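**Q** This is query-v2.tsv, which holds TSV, C-alpha atoms and all ligand atoms:
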```tsv
chain	number	residue	atom	x	y	z
A	665	MET	CA	-16.55	0.74	-4.99
A	666	LYS	CA	-18.23	1.79	-1.77
A	667	ILE	CA	-18.06	0.65	1.80
A	668	SER	CA	-21.52	0.80	3.26
A	669	SER	CA	-21.03	-0.31	6.85
A	670	LEU	CA	-18.51	-1.46	9.39
A	671	THR	CA	-18.82	-3.42	12.61
A	672	LEU	CA	-15.96	-3.80	15.06
A	673	THR	CA	-15.73	-5.97	18.15
A	674	ASN	CA	-12.66	-5.73	20.37
A	675	PHE	CA	-10.59	-4.23	17.61
A	676	ARG	CA	-7.86	-1.87	18.94
A	677	ASN	CA	-9.59	0.56	21.33
A	678	TYR	CA	-13.08	-0.27	20.01
A	679	GLU	CA	-15.05	-2.56	22.23
A	680	SER	CA	-18.05	-2.44	19.96
A	681	LEU	CA	-18.82	-0.21	17.00
A	682	LYS	CA	-21.43	-0.21	14.30
A	683	VAL	CA	-21.40	2.47	11.66
A	684	ASP	CA	-22.95	3.28	8.28
A	685	PHE	CA	-20.95	5.36	5.85
A	686	SER	CA	-21.72	7.93	3.23
A	687	ASP	CA	-20.92	7.14	-0.41
A	688	LYS	CA	-19.06	10.43	-0.63
A	689	ILE	CA	-16.92	12.00	2.06
A	690	ASN	CA	-16.70	10.61	5.59
A	691	VAL	CA	-14.84	12.67	8.17
A	692	PHE	CA	-13.62	11.37	11.51
A	693	ILE	CA	-12.78	14.12	13.91
A	694	GLY	CA	-11.48	13.89	17.45
A	695	LYS	CA	-8.51	14.58	19.68
A	696	ASN	CA	-5.33	12.57	19.49
A	697	ALA	CA	-5.32	8.90	20.43
A	698	GLN	CA	-9.10	8.47	20.28
A	699	GLY	CA	-9.25	5.81	17.56
A	700	LYS	CA	-9.48	7.65	14.23
A	701	THR	CA	-6.53	5.90	12.63
A	702	ASN	CA	-7.62	2.59	14.18
A	703	LEU	CA	-10.89	2.88	12.31
A	704	LEU	CA	-9.12	3.40	8.99
A	705	GLU	CA	-6.82	0.53	9.85
A	706	SER	CA	-9.76	-1.86	10.25
A	707	ILE	CA	-11.10	-0.90	6.83
A	708	PHE	CA	-7.67	-1.16	5.24
A	709	TYR	CA	-7.25	-4.60	6.76
A	710	CYS	CA	-10.37	-5.83	5.00
A	711	CYS	CA	-9.00	-4.60	1.67
A	712	ILE	CA	-5.38	-5.76	1.83
A	713	GLY	CA	-5.35	-8.46	4.48
A	714	LYS	CA	-2.86	-6.65	6.66
A	715	SER	CA	-2.37	-3.34	8.43
A	716	PHE	CA	-0.69	-0.31	6.94
A	717	LYS	CA	1.47	-0.35	10.05
A	718	SER	CA	4.12	-3.02	10.36
A	719	ILE	CA	2.65	-4.83	13.32
A	720	LYS	CA	1.56	-8.28	14.33
A	721	ASP	CA	-2.07	-9.24	13.75
A	722	LYS	CA	-2.45	-9.89	17.46
A	723	ASP	CA	-1.73	-6.23	18.23
A	724	LEU	CA	-5.07	-5.43	16.60
A	725	ILE	CA	-7.01	-7.25	19.28
A	726	ARG	CA	-8.23	-5.01	22.06
A	727	PHE	CA	-5.95	-5.12	25.12
A	728	GLY	CA	-7.01	-7.84	27.52
A	729	CYS	CA	-9.20	-9.66	24.97
A	730	GLU	CA	-8.71	-13.01	23.30
A	731	GLU	CA	-10.42	-12.26	20.02
A	732	GLY	CA	-11.17	-9.37	17.72
A	733	TYR	CA	-13.62	-9.11	14.85
A	734	ILE	CA	-14.17	-6.87	11.83
A	735	ASN	CA	-17.21	-7.04	9.60
A	736	LEU	CA	-17.36	-4.84	6.57
A	737	LYS	CA	-20.05	-4.54	3.94
A	738	ALA	CA	-19.24	-3.08	0.56
A	739	GLU	CA	-20.76	-2.59	-2.84
A	740	ARG	CA	-19.04	-3.03	-6.13
A	741	LYS	CA	-20.52	-2.25	-9.48
A	742	TYR	CA	-22.38	-5.50	-9.89
A	743	ARG	CA	-22.25	-7.20	-6.55
A	744	GLU	CA	-22.31	-6.88	-2.81
A	745	LEU	CA	-19.55	-8.02	-0.56
A	746	LYS	CA	-19.23	-8.97	3.05
A	747	ILE	CA	-15.74	-9.24	4.44
A	748	GLU	CA	-15.09	-10.61	7.89
A	749	VAL	CA	-11.84	-10.85	9.78
A	750	LYS	CA	-11.60	-12.99	12.89
A	751	LEU	CA	-8.50	-12.34	14.92
A	752	SER	CA	-7.46	-14.58	17.75
A	753	LYS	CA	-4.58	-14.57	20.22
A	754	SER	CA	-4.33	-18.35	20.18
A	755	HIS	CA	-5.38	-19.30	16.63
A	756	LYS	CA	-4.54	-18.22	13.14
A	757	LYS	CA	-6.73	-15.42	11.84
A	758	THR	CA	-9.62	-16.25	9.54
A	759	ILE	CA	-10.85	-14.07	6.70
A	760	LEU	CA	-14.22	-14.73	5.11
A	761	ILE	CA	-15.63	-13.32	1.91
A	762	ASN	CA	-19.40	-13.60	1.77
A	763	SER	CA	-19.20	-16.10	4.63
A	764	LEU	CA	-16.69	-18.36	2.87
A	765	PRO	CA	-13.23	-18.63	4.45
A	766	ILE	CA	-10.35	-17.89	2.12
A	767	ARG	CA	-7.20	-19.97	1.96
A	768	ARG	CA	-4.75	-17.27	1.01
A	769	ILE	CA	-4.57	-13.49	1.08
A	770	GLY	CA	-4.39	-13.42	-2.70
A	771	GLU	CA	-8.09	-14.24	-2.74
A	772	LEU	CA	-8.90	-11.10	-0.78
A	773	ILE	CA	-6.69	-8.60	-2.57
A	774	GLY	CA	-8.54	-6.78	-5.29
A	775	GLU	CA	-12.00	-7.32	-3.83
A	776	ILE	CA	-12.01	-3.77	-2.50
A	777	ASN	CA	-9.36	-1.49	-3.89
A	778	VAL	CA	-7.94	1.17	-1.64
A	779	VAL	CA	-5.53	4.07	-1.70
A	780	PHE	CA	-4.17	5.12	1.66
A	781	PHE	CA	-2.37	8.35	2.42
A	782	SER	CA	-0.89	9.59	5.70
A	783	PRO	CA	1.99	11.90	6.67
A	784	ASN	CA	4.03	8.74	6.91
A	785	GLU	CA	3.71	8.44	3.13
A	786	LEU	CA	6.30	11.18	2.80
A	787	LYS	CA	8.68	8.28	3.14
A	788	LEU	CA	7.57	7.36	-0.33
A	789	VAL	CA	9.53	10.23	-1.83
A	790	ARG	CA	12.11	10.74	0.88
A	791	GLU	CA	13.29	7.45	2.21
A	792	SER	CA	14.69	4.14	1.12
A	793	PRO	CA	13.64	2.34	-2.10
A	794	ASP	CA	11.79	-0.13	0.08
A	795	GLU	CA	8.90	2.30	0.42
A	796	ARG	CA	8.66	2.81	-3.32
A	797	ARG	CA	8.67	-0.91	-4.00
A	798	LYS	CA	5.90	-1.33	-1.45
A	799	PHE	CA	3.98	1.41	-3.24
A	800	MET	CA	4.25	-0.42	-6.58
A	801	ASP	CA	3.49	-3.81	-5.05
A	802	ILE	CA	0.37	-2.84	-3.14
A	803	ASP	CA	-0.98	-0.96	-6.10
A	804	ILE	CA	-0.29	-3.51	-8.84
A	805	SER	CA	-1.36	-6.47	-6.69
A	806	GLN	CA	-4.78	-4.96	-6.19
A	807	THR	CA	-5.63	-5.20	-9.86
A	808	ASN	CA	-3.37	-8.07	-10.86
A	809	LYS	CA	-3.42	-11.25	-8.81
A	810	ARG	CA	-0.81	-12.94	-10.96
A	811	TYR	CA	1.59	-10.18	-9.97
A	812	PHE	CA	0.86	-10.79	-6.30
A	813	TYR	CA	1.57	-14.50	-6.63
A	814	ASN	CA	4.73	-13.85	-8.64
A	815	LEU	CA	5.96	-11.58	-5.88
A	816	SER	CA	5.60	-14.21	-3.21
A	817	ARG	CA	7.18	-16.74	-5.52
A	818	TYR	CA	10.11	-14.40	-6.13
A	819	GLU	CA	10.60	-13.87	-2.40
A	820	LYS	CA	10.72	-17.61	-1.79
A	821	ILE	CA	13.22	-18.22	-4.59
A	822	LEU	CA	15.36	-15.33	-3.40
A	823	ALA	CA	15.34	-16.63	0.16
A	824	ASN	CA	16.48	-20.04	-1.07
A	825	ARG	CA	19.22	-18.56	-3.19
A	826	ASN	CA	20.42	-16.40	-0.31
A	827	LYS	CA	20.36	-19.36	2.03
A	828	LEU	CA	22.65	-21.27	-0.29
A	829	LEU	CA	25.01	-18.28	-0.55
A	830	LYS	CA	25.06	-17.77	3.17
A	831	THR	CA	25.34	-21.29	4.46
A	832	SER	CA	27.80	-22.80	2.01
A	833	ASP	CA	31.52	-22.23	2.42
A	834	ASN	CA	32.40	-23.85	-0.87
A	835	LEU	CA	32.24	-21.55	-3.89
A	836	GLU	CA	32.53	-24.40	-6.39
A	837	TYR	CA	29.58	-26.18	-4.83
A	838	VAL	CA	27.55	-22.97	-4.93
A	839	LYS	CA	28.41	-22.44	-8.61
A	840	GLU	CA	27.29	-25.96	-9.43
A	841	THR	CA	24.00	-25.87	-7.58
A	842	ILE	CA	22.79	-22.31	-7.86
A	843	ASP	CA	21.49	-22.61	-11.39
A	844	ILE	CA	18.18	-24.10	-10.29
A	845	TRP	CA	17.46	-20.94	-8.30
A	846	ASP	CA	18.84	-18.62	-10.96
A	847	ARG	CA	16.57	-19.97	-13.63
A	848	ALA	CA	13.50	-19.54	-11.46
A	849	LEU	CA	14.68	-16.14	-10.27
A	850	VAL	CA	15.16	-14.62	-13.73
A	851	GLN	CA	11.79	-15.90	-14.93
A	852	THR	CA	9.91	-14.36	-12.02
A	853	ALA	CA	12.03	-11.20	-12.03
A	854	GLN	CA	11.15	-10.69	-15.67
A	855	LYS	CA	7.43	-10.80	-14.96
A	856	ILE	CA	7.70	-8.43	-12.01
A	857	ALA	CA	10.01	-5.95	-13.72
A	858	PHE	CA	7.81	-5.66	-16.81
A	859	GLU	CA	4.68	-5.08	-14.72
A	860	ARG	CA	6.42	-2.44	-12.61
A	861	LYS	CA	7.69	-0.63	-15.68
A	862	LYS	CA	4.22	-0.66	-17.20
A	863	PHE	CA	2.76	0.66	-13.95
A	864	ILE	CA	5.22	3.55	-13.72
A	865	GLU	CA	4.53	4.50	-17.32
A	866	GLU	CA	0.82	4.37	-16.65
A	867	ILE	CA	0.80	6.57	-13.55
A	868	MET	CA	3.23	9.12	-14.92
A	869	PRO	CA	0.73	11.31	-16.82
A	870	TYR	CA	-1.77	11.06	-13.94
A	871	THR	CA	0.91	12.10	-11.47
A	872	GLU	CA	1.80	15.08	-13.58
A	873	LYS	CA	-1.85	16.05	-13.88
A	874	ALA	CA	-2.40	15.82	-10.12
A	875	GLN	CA	0.82	17.68	-9.37
A	876	THR	CA	-0.12	20.51	-11.70
A	877	TYR	CA	-3.60	20.59	-10.27
A	878	LEU	CA	-2.51	20.61	-6.62
A	879	SER	CA	0.31	23.10	-7.02
A	880	GLY	CA	-1.75	25.37	-9.26
A	881	GLY	CA	1.09	25.73	-11.75
A	882	LYS	CA	2.81	23.72	-14.38
A	883	GLU	CA	5.39	21.45	-12.82
A	884	LYS	CA	7.17	18.83	-14.81
A	885	ILE	CA	7.29	15.54	-13.00
A	886	GLU	CA	9.20	12.55	-14.21
A	887	LEU	CA	9.12	9.02	-12.90
A	888	ASN	CA	11.77	6.60	-13.91
A	889	TYR	CA	11.63	2.91	-13.14
A	890	ALA	CA	15.13	1.99	-11.95
A	891	CYS	CA	15.30	-1.77	-12.31
A	892	GLY	CA	17.66	-3.54	-9.92
A	893	CYS	CA	18.31	-6.38	-12.33
A	894	GLY	CA	21.01	-4.40	-14.10
A	895	VAL	CA	19.84	-5.33	-17.61
A	896	LYS	CA	17.64	-3.81	-20.29
A	897	LEU	CA	13.95	-4.63	-20.24
A	898	ASP	CA	13.85	-6.30	-23.63
A	899	GLU	CA	13.30	-9.77	-25.04
A	900	LYS	CA	16.76	-10.85	-23.84
A	901	PHE	CA	16.02	-9.90	-20.24
A	902	GLU	CA	16.14	-13.40	-18.76
A	903	GLU	CA	19.25	-14.45	-20.64
A	904	ASN	CA	21.08	-11.25	-19.76
A	905	MET	CA	20.06	-11.26	-16.14
A	906	ASP	CA	21.19	-14.85	-15.83
A	907	LYS	CA	24.59	-13.90	-17.24
A	908	LEU	CA	24.86	-11.05	-14.79
A	909	LEU	CA	23.98	-13.29	-11.86
A	910	LYS	CA	26.75	-15.67	-12.91
A	911	LYS	CA	29.16	-12.81	-13.34
A	912	ASN	CA	28.47	-11.61	-9.81
A	913	ILE	CA	28.47	-14.99	-8.13
A	914	GLU	CA	31.77	-14.47	-6.32
A	915	LYS	CA	30.65	-11.16	-4.95
A	916	ASP	CA	27.30	-12.59	-3.85
A	917	PHE	CA	29.08	-15.55	-2.29
A	918	LYS	CA	31.33	-13.23	-0.27
A	919	LEU	CA	28.42	-11.08	0.87
A	920	GLY	CA	26.07	-13.98	1.49
A	921	TYR	CA	23.16	-12.49	-0.42
A	922	THR	CA	21.94	-11.68	-3.93
A	923	THR	CA	22.94	-8.25	-5.19
A	924	ILE	CA	20.95	-8.30	-8.42
A	925	GLY	CA	17.20	-8.49	-8.85
A	926	VAL	CA	13.87	-6.75	-8.51
A	927	HIS	CA	14.32	-6.64	-4.73
A	928	ARG	CA	16.74	-3.84	-5.56
A	929	ASP	CA	14.28	-1.86	-7.70
A	930	ASP	CA	13.56	1.81	-7.18
A	931	ILE	CA	11.65	4.70	-8.71
A	932	ASP	CA	13.58	7.89	-9.44
A	933	ILE	CA	11.35	10.91	-9.06
A	934	PHE	CA	12.24	14.24	-10.65
A	935	LEU	CA	10.43	17.53	-10.32
A	936	ASN	CA	11.42	20.17	-12.87
A	937	ASP	CA	14.48	18.01	-13.65
A	938	VAL	CA	15.65	17.93	-10.04
A	939	GLU	CA	15.60	14.78	-7.93
A	940	VAL	CA	12.88	15.26	-5.31
A	941	LYS	CA	14.37	12.88	-2.76
A	942	ASN	CA	17.50	14.94	-2.20
A	943	PHE	CA	16.63	18.41	-3.42
A	944	GLY	CA	12.90	18.92	-3.13
A	945	SER	CA	11.53	21.15	-0.38
A	946	GLN	CA	9.34	19.54	2.25
A	947	GLY	CA	6.29	21.12	0.63
A	948	GLN	CA	7.24	19.77	-2.79
A	949	GLN	CA	7.88	16.33	-1.39
A	950	ARG	CA	4.49	16.34	0.27
A	951	THR	CA	2.71	17.41	-2.91
A	952	VAL	CA	4.56	14.81	-4.97
A	953	ALA	CA	3.63	12.06	-2.51
A	954	LEU	CA	0.00	13.14	-2.65
A	955	SER	CA	0.09	13.37	-6.43
A	956	LEU	CA	1.37	9.82	-6.63
A	957	LYS	CA	-1.54	8.69	-4.49
A	958	LEU	CA	-4.09	10.58	-6.57
A	959	ALA	CA	-2.50	9.11	-9.66
A	960	GLU	CA	-3.13	5.70	-8.16
A	961	LEU	CA	-6.82	6.53	-7.94
A	962	GLU	CA	-7.04	7.50	-11.57
A	963	SER	CA	-4.97	4.66	-12.85
A	964	MET	CA	-6.92	2.09	-10.84
A	965	PHE	CA	-10.08	3.51	-12.32
A	966	ASN	CA	-8.50	3.14	-15.72
A	967	ARG	CA	-7.66	-0.50	-15.03
A	968	THR	CA	-10.87	-1.61	-13.35
A	969	GLY	CA	-13.59	0.84	-14.35
A	970	GLU	CA	-14.25	1.63	-10.68
A	971	TYR	CA	-12.70	4.16	-8.35
A	972	PRO	CA	-10.99	2.67	-5.30
A	973	ILE	CA	-11.81	4.05	-1.88
A	974	LEU	CA	-9.50	6.76	-0.61
A	975	MET	CA	-8.22	7.25	2.93
A	976	LEU	CA	-6.55	10.43	4.04
A	977	ASP	CA	-5.18	10.06	7.53
A	978	ASP	CA	-4.18	13.35	9.16
A	979	VAL	CA	-3.05	14.92	5.93
A	980	PHE	CA	-5.48	17.78	5.87
A	981	SER	CA	-3.78	19.69	8.65
A	982	GLU	CA	-0.56	19.64	6.66
A	983	LEU	CA	-1.94	21.26	3.54
A	984	ASP	CA	-2.61	24.96	3.05
A	985	ALA	CA	-6.21	26.08	2.58
A	986	GLU	CA	-5.96	26.26	-1.18
A	987	ARG	CA	-4.56	22.76	-1.51
A	988	GLN	CA	-7.19	21.45	0.87
A	989	ALA	CA	-9.89	22.91	-1.35
A	990	ARG	CA	-8.31	21.51	-4.49
A	991	LEU	CA	-7.90	18.10	-2.94
A	992	LEU	CA	-11.55	17.99	-1.86
A	993	LYS	CA	-12.63	18.83	-5.35
A	994	PHE	CA	-10.40	16.16	-6.77
A	995	VAL	CA	-11.78	13.42	-4.52
A	996	ASP	CA	-15.32	14.19	-5.52
A	997	ARG	CA	-15.49	11.03	-7.62
A	998	THR	CA	-14.59	8.54	-4.98
A	999	GLN	CA	-15.69	7.45	-1.52
A	1000	THR	CA	-13.28	9.11	0.87
A	1001	PHE	CA	-12.40	8.67	4.53
A	1002	ILE	CA	-10.68	11.63	6.15
A	1003	THR	CA	-9.38	11.98	9.68
A	1004	CYS	CA	-8.45	15.25	11.36
A	1005	THR	CA	-8.20	16.72	14.82
A	1006	ASP	CA	-10.56	19.61	14.36
A	1007	ASP	CA	-13.54	20.45	12.25
A	1008	LYS	CA	-12.02	21.63	9.00
A	1009	LYS	CA	-15.41	22.58	7.59
A	1010	ILE	CA	-15.33	19.68	5.19
A	1011	THR	CA	-18.75	18.93	3.83
A	1012	GLY	CA	-19.50	15.31	4.33
A	1013	LYS	CA	-20.75	12.87	6.91
A	1014	VAL	CA	-18.92	13.86	10.09
A	1015	PHE	CA	-18.29	11.43	12.93
A	1016	GLU	CA	-16.86	12.65	16.19
A	1017	ILE	CA	-14.72	10.06	17.89
A	1018	ALA	CA	-13.70	9.83	21.54
A	1019	SER	CA	-12.16	6.85	23.37
A	1020	GLY	CA	-13.17	4.30	20.78
A	1021	LYS	CA	-16.75	5.49	20.43
A	1022	ILE	CA	-18.67	7.62	18.00
A	1023	ILE	CA	-20.10	10.30	20.23
A	1024	LYS	CA	-21.73	12.40	17.55
A	1025	GLN	CA	-22.60	12.20	13.86
A	1026	ASN	CA	-24.57	14.32	11.45
B	1101	LIG	N1	-4.86	-3.34	20.81
B	1101	LIG	C1	-5.32	-2.23	21.40
B	1101	LIG	N2	-6.24	-2.32	22.39
B	1101	LIG	C2	-6.71	-1.21	22.99
B	1101	LIG	N3	-6.33	0.03	22.68
B	1101	LIG	C3	-5.42	0.18	21.71
B	1101	LIG	C4	-4.88	-0.94	21.01
B	1101	LIG	N4	-4.01	-0.50	20.10
B	1101	LIG	C5	-4.01	0.84	20.21
B	1101	LIG	N5	-4.85	1.25	21.16
B	1101	LIG	C6	-5.13	2.62	21.59
B	1101	LIG	O1	-5.65	3.36	20.52
B	1101	LIG	C7	-5.28	4.73	20.68
B	1101	LIG	C8	-4.70	5.29	19.40
B	1101	LIG	O2	-5.67	5.26	18.43
B	1101	LIG	P1	-5.47	6.01	17.04
B	1101	LIG	O3	-6.53	5.51	16.15
B	1101	LIG	O4	-4.07	5.87	16.57
B	1101	LIG	O5	-5.73	7.49	17.50
B	1101	LIG	P2	-6.01	8.78	16.59
B	1101	LIG	O6	-7.40	9.17	16.93
B	1101	LIG	O7	-5.01	9.78	17.09
B	1101	LIG	O8	-5.82	8.42	15.19
B	1101	LIG	C9	-4.25	4.80	21.78
B	1101	LIG	O9	-4.87	5.33	22.92
B	1101	LIG	C10	-3.87	3.34	21.99
B	1101	LIG	O10	-3.53	3.09	23.31
B	1102	MG	MG	-4.27	9.07	13.91
```
Once you've parsed the file, please lay out its structure as structure tokens.
Ligand SMILES: Nc1ncnc2c1ncn2[C@@H]1O[C@H](COP(=O)(O)OP(=O)(O)O)[C@@H](O)[C@H]1O
Ligand SMILES: [Mg+2]

**A**
Amino acid sequence: MKISSLTLTNFRNYESLKVDFSDKINVFIGKNAQGKTNLLESIFYCCIGKSFKSIKDKDLIRFGCEEGYINLKAERKYRELKIEVKLSKSHKKTILINSLPIRRIGELIGEINVVFFSPNELKLVRESPDERRKFMDIDISQTNKRYFYNLSRYEKILANRNKLLKTSDNLEYVKETIDIWDRALVQTAQKIAFERKKFIEEIMPYTEKAQTYLSGGKEKIELNYACGCGVKLDEKFEENMDKLLKKNIEKDFKLGYTTIGVHRDDIDIFLNDVEVKNFGSQGQQRTVALSLKLAELESMFNRTGEYPILMLDDVFSELDAERQARLLKFVDRTQTFITCTDDKKITGKVFEIASGKIIKQN
């Protein structure tokens, strides 16, 4: 998978940009607040259909403008792709694949696979389970559309169930009517939980390999899928989860929301038998987060036969020289986009960025 060119019109601080990329390493250098991350964001948007920042689509349109536009050309193994995003302040956005508008984001996801890493990704090992669920969801969805649709289905069912719990003041009524949601919830939860478990098992050896490689020593890493459904992942999953939902109905009724389900999932991460979230050093946490991302690369290759594109936003400055060198060697196989504030002597196509313009390139 390769991105060959990108055109931006009134996107963030870019009034107009046209750029051709290298198949290997692309480096964006420049001072702070010049537009390096914005550039990555526009590419990411074409892959996932939303930003890696939690923002509104309209925020992507250049200040003072009504419309913004991204046009990205890419090559996959056997075909070429053109992805266009039309953003408007007054209309819904439109996304086109090879000039045909799509009806839902699910049609876009998986066209170009991407792995994104920034210092913010430390949250992945350090903060709430939310980040780790997002990690699983973005990854799995990119190679499994059914998973993506199941996720949105699950969210809708959960919202309906919660609405019933929250708005009704009659427990007996809730008990009588909730079964319709419970049945749908356990079916979808089962599909999501089994995919997540499979994913964790798949990335585990890759994570360990990357961790060992980056740290230059043998470190034992363990990932454990902690399912929030409270039941074993076996053939009785749906039946058992349903029972548990019924058992907890009074509690859920009191709280006004559902306490059991895949929306409560987490990944426990251990390094040399110690939980990284609470006991790992900052350096260890950073390496683990990066290892997880590199594991994504390998496992996506394993699933699709093509390497996804890799984006490393501002992470170089945070690694020591040896890790930088190791990382560069590791990413040799995949098209990579790197941003940094000074010339780190990375061999690749270097673009210098200032105030939303490319002022120099080699
Ligand atoms: N919608 C927008 N319109 C115009 N400028 C924007 C918009 N959104 C962000 N910016 C500007 O983009 C700059 C930040 O760009 P960014 O890519 O994050 O910088 P960096 O080079 O540090 O990665 C800031 O100056 C900000 O004001
Ligand atoms: Mg930045």

**Q** Taking only C-alpha atoms and all ligand atoms into account, list the residues no farther than 9 Å from ligand LIG 1101 (chain B), as a count of residues only.

**A** 37

**Q** Using only C-alpha atoms, which residue out of A:Gln946, A:Thr923, A:Ser669, A:Ser754 lies closest to A:Asp687?

**A**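 Between A:Gln946, A:Thr923, A:Ser669, A:Ser754, the residue approaching A:Asp687 most closely is A:Ser669.
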
**Q** Compare A:Asn808, A:Ser792, A:Gln999, A:Ser782 by their minimum atom-to-atom distance to ligand MG 1102 (chain B), counting all atoms listed in the file, and give me the closest one.

**A** A:Ser782

**Q** Got a sec: who's within 12 Å of A:Ser945, counting only C-alpha atoms, leaving out chain neighbours fewer than 5 positions off, as a short mmCIF file (atom, residue, chain, number, x, y, z; two decimals) with C-alpha atoms, in the coordinates of the input?

**A**
```cif
data_model
loop_
_atom_site.label_atom_id
_atom_site.label_comp_id
_atom_site.auth_asym_id
_atom_site.auth_seq_id
_atom_site.Cartn_x
_atom_site.Cartn_y
_atom_site.Cartn_z
CA LEU A 786 6.30 11.18 2.80
CA VAL A 789 9.53 10.23 -1.83
CA ARG A 790 12.11 10.74 0.88
CA LEU A 935 10.43 17.53 -10.32
CA VAL A 938 15.65 17.93 -10.04
CA GLU A 939 15.60 14.78 -7.93
CA VAL A 940 12.88 15.26 -5.31
CA ARG A 950 4.49 16.34 0.27
CA THR A 951 2.71 17.41 -2.91
CA VAL A 952 4.56 14.81 -4.97
#
```

**Q** Wanna dump the stretch 904-1006 of chain A-stretch 871-890 of chain A contacts at 6 Å for me, each residue with its shortest atom pair and the distance in Å to one decimal, counting all atoms listed in the file, ordered by chain and number, as a Markdown table?

**A**
```
| residue | atom | partner | partner_atom | distance |
| --- | --- | --- | --- | --- |
| A:Asp929 | CA | A:Ala890 | CA | 5.8 |
| A:Asp930 | CA | A:Ala890 | CA | 5.0 |
| A:Ile931 | CA | A:Tyr889 | CA | 4.8 |
| A:Asp932 | CA | A:Asn888 | CA | 5.0 |
| A:Ile933 | CA | A:Leu887 | CA | 4.8 |
| A:Phe934 | CA | A:Glu886 | CA | 5.0 |
| A:Leu935 | CA | A:Ile885 | CA | 4.6 |
| A:Asn936 | CA | A:Lys884 | CA | 4.9 |
| A:Ser955 | CA | A:Ala874 | CA | 5.1 |
| A:Leu956 | CA | A:Thr871 | CA | 5.4 |
| A:Ala959 | CA | A:Thr871 | CA | 4.9 |
| A:Arg987 | CA | A:Leu878 | CA | 5.9 |
```

**Q** Would you output that residue set with C-alpha atoms, as a PDB file, keeping the file's coordinate frame?

**A**
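Here's the written file selection_14.pdb:
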```
ATOM      1  CA  ASP A 929      14.280  -1.860  -7.700  1.00  0.00           C
ATOM      2  CA  ASP A 930      13.560   1.810  -7.180  1.00  0.00           C
ATOM      3  CA  ILE A 931      11.650   4.700  -8.710  1.00  0.00           C
ATOM      4  CA  ASP A 932      13.580   7.890  -9.440  1.00  0.00           C
ATOM      5  CA  ILE A 933      11.350  10.910  -9.060  1.00  0.00           C
ATOM      6  CA  PHE A 934      12.240  14.240 -10.650  1.00  0.00           C
ATOM      7  CA  LEU A 935      10.430  17.530 -10.320  1.00  0.00           C
ATOM      8  CA  ASN A 936      11.420  20.170 -12.870  1.00  0.00           C
ATOM      9  CA  SER A 955       0.090  13.370  -6.430  1.00  0.00           C
ATOM     10  CA  LEU A 956       1.370   9.820  -6.630  1.00  0.00           C
ATOM     11  CA  ALA A 959      -2.500   9.110  -9.660  1.00  0.00           C
ATOM     12  CA  ARG A 987      -4.560  22.760  -1.510  1.00  0.00           C
TER      13      ARG A 987
END
```

**Q** Give as a ChimeraX atom specification each residue that has an atom at most 12 Å from (-17.5, -0.7, 0.4) in the file, counting all atoms listed in the file.

**A** /A:665-670,684-688,707-708,710-711,735-741,743-747,775-778,970-974,998-1001

**Q** Which distance in Å separates atom CA of A:Glu771 and atom CA of A:Tyr818, to one decimal?

**A**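 Going from atom CA of A:Glu771 over to atom CA of A:Tyr818 covers 18.5 Å.
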